[in-house]
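**Q** Take a look at the following structure, please.
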Amino acid sequence: MAVGPGTLPEFFPITGVELGIASAGIKKPGRKDIVLFSLAEGTQVAGIFTRNQFCAAPVTLSRKHLAAGAPRYLLINTGNANAGTGERGLADAAACCEALAAAAGVVEHQVLPFSTGVIGEPLPVAKIVAALPDALADTRVDRWAEAANGIMTTDTRPKGASVQVDLGGHTVSISGISKGAGMIRPNMATMLGFIATDARVAPDVLQSLASELGEQSFNRITIDGDTSTNDACMLIASGCYGGPEITADSPLLAPLKDALRQVYMDLAHAIVRDGEGATKFVTIEVNHAATVNEALDVAYTVAHSPLVKTALFASDPNWGRILAAVGRAGVEGLDLNALEIYLGDVCLVRNGGRADDYSEERGQAVMNQEEITIRIDLKRGAVYETVWTCDFSYDYVTINADYRS
C-alpha cells in the first residue's frame, strides 16, 4: 500500500559513477541485497548522517573514511543494519571495506560502508565478501533502477529521481535513489539516500549543498517519529561534465542547486508516499510563525499525533485532534483567537473555536482525498515551514509486528 503511482523515472547516467548489484543472501536467498557505487578518481563526496547516538557501525566508519578523503566506492547492504553490535560491528564493517579495497585496488578508507535492516544482529561478513566479486564485475552506468530495488527493506516500491540542467552550455545530469518506509524521522537525512551528478563542485560547496538540501527535504519528513540508527544521505559529484568547477561565487551554483533541490524533494516525498501502511500523503504547512523552531514544533506535533494520523486513515474530519495537537506544541504566548487552522481550503478553527462557516460535509470532502494539506496560520511572524507525513493504518502495526520474520 502506498500513495500515488510511484513509477521510477528514466534515469540519466552519471559519467564517472557506475553501479554494481549482487546477491549475498543476507536475509533471503537470491535477493539482490548488495549495491556498489564505483566512483571515478577525483570524484567529490559529501554527506550527512544520523544524529541518533546509537549510530550504526557503518555510520561511524563512513564518517571516518569520508574525512580521510578521496572516496572511490560506496558499499551498501540490506537485510542487516549492523547497529547495536558494539566493537564487533565496527570490526565487521571494516572487514567488508578491507575486502572490497583489496579486490578493487584501492585503500580501505576509500570505501564508505552503509547498512540497513534489522538492528542488533551480527553482520554476515562472509556472505557479503563472497558477493563482492559479482558486484565489481558488473558495474555499469545504467543500473540506477536495479540499485533502487537493491537498497529496499520494508519499502513496497523503489524510489528514484533524475533531471538534467544546462549550466553554461554544458548539460549536467543528476540521478538519485532513496529507501525508507518506517523508522522515519531522519533528523538529518533519510534512511539511505544517494544522489550523484557529473557537475564539478568545490568540496566545501558540495558539503554545503548536502547539508542545506538535506535540511529542506529529508529533514522535513516523518512517518512515525523514529530516528534510525543508520540514516545517511550522500551527495556525489564526479566532475565529468566538462565545465568549470562550481564554487561559492559561481553563477552556475544557483541553477545547480535548484535542480538538486528537485531531486532531493522527489526522493524525500517518495519515502512518505511509501510509508509503512500509508494511504494518505499529508502536507503540514505552518505559516506566520515567530521562529523556525516554533513552526517546526507545531508541524511535528501534528504530524506525530497518533490520534491525528489515525483520523487521517479513517478519513474522519475530527478537527479537534488537530486543534489539540497545536495547543500542546509548546508555543509560548499563543494567541488562540488569532490563529487559524485549515483542512485543504476549509477553515476549521477561527476566533478560538470552530469556524462559523465550517461544515462536516466540507471537512469530509477534503479528508476523502488521497493527498491532504493541513495549514496552521499562527499569525505571529514571518516564518513559513512545511513538513510532510502520512497516516497510520492497520498495516503499519502488522508490518512492524512481523518485521523480523
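Chain labels follow the order of the C-alpha cells: the first chain is A, the next B, and so on; residue numbering restarts at 1 in every chain, and ligands are counted from 1 in their shown order.
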Mind the document's chain letters and residue numbers, and return as number ranges by chain the residues of stretch 218-280 of chain A that DSSP labels alpha helix (DSSP H).
**A** A: 253-273
**Q** So that I can check the surroundings of A:Asp231, please list as a list in words every protein, DNA and RNA residue that reaches within 6 Å of it, counting only C-alpha atoms and ignoring chain neighbours fewer than 6 positions away.
**A**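 Residues meeting the cut-off are Phe49, Thr50, Thr190, Met191 and Leu192 of chain A.
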**Q** Can you pull out every residue within 10 Å of A:His288, counting only C-alpha atoms, but drop anything in the same chain fewer than 5 positions away, and send it as a PyMOL selection string?
**A** chain A and resi 295+339+376-385
**Q** Give the answer as one residue: which of A:Glu98, A:Asp395, A:Glu285, A:Asp356 has the shortest atom-to-atom distance to A:Gly344, using only C-alpha atoms?
**A**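 For A:Gly344, the nearest of the candidates is A:Glu285.
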**Q** Would you mind writing down, as a ChimeraX atom specification, each residue of stretch 318-360 of chain A that DSSP on the backbone assigns to strand (DSSP E)?
**A** /A:340-343,346-350,353-354
**Q** Create the file for the chosen residues now, containing N, CA, C and O atoms and written as a compact mmCIF listing (two decimals), in the first residue's frame.
**A**
# COMPACT_ATOMS: atom_id res chain seq x y z
N GLU A 340 -5.49 30.46 12.91
CA GLU A 340 -6.49 29.77 12.09
C GLU A 340 -5.93 28.43 11.65
O GLU A 340 -4.72 28.29 11.42
N ILE A 341 -6.80 27.43 11.55
CA ILE A 341 -6.41 26.09 11.10
C ILE A 341 -7.29 25.71 9.92
O ILE A 341 -8.52 25.84 9.98
N TYR A 342 -6.64 25.22 8.86
CA TYR A 342 -7.36 24.85 7.64
C TYR A 342 -7.10 23.39 7.30
O TYR A 342 -6.00 22.86 7.50
N LEU A 343 -8.11 22.75 6.74
CA LEU A 343 -8.01 21.43 6.15
C LEU A 343 -8.28 21.62 4.67
O LEU A 343 -9.42 21.90 4.27
N VAL A 346 -10.64 24.50 3.56
CA VAL A 346 -11.74 24.60 4.51
C VAL A 346 -11.20 25.09 5.85
O VAL A 346 -10.33 24.44 6.45
N CYS A 347 -11.68 26.22 6.34
CA CYS A 347 -11.25 26.72 7.65
C CYS A 347 -11.93 25.92 8.75
O CYS A 347 -13.17 25.83 8.80
N LEU A 348 -11.12 25.33 9.64
CA LEU A 348 -11.64 24.54 10.76
C LEU A 348 -11.80 25.40 12.00
O LEU A 348 -12.80 25.30 12.72
N VAL A 349 -10.77 26.20 12.29
CA VAL A 349 -10.69 26.93 13.55
C VAL A 349 -10.43 28.40 13.29
O VAL A 349 -9.51 28.76 12.54
N ARG A 350 -11.23 29.25 13.92
CA ARG A 350 -11.06 30.70 13.83
C ARG A 350 -11.65 31.31 15.10
O ARG A 350 -12.64 30.79 15.65
N GLY A 353 -12.22 28.87 18.22
CA GLY A 353 -13.12 27.73 18.17
C GLY A 353 -13.44 27.36 16.74
O GLY A 353 -12.80 27.83 15.80
N ARG A 354 -14.45 26.51 16.57
CA ARG A 354 -14.82 26.08 15.24
C ARG A 354 -15.24 27.28 14.39
O ARG A 354 -16.00 28.14 14.83
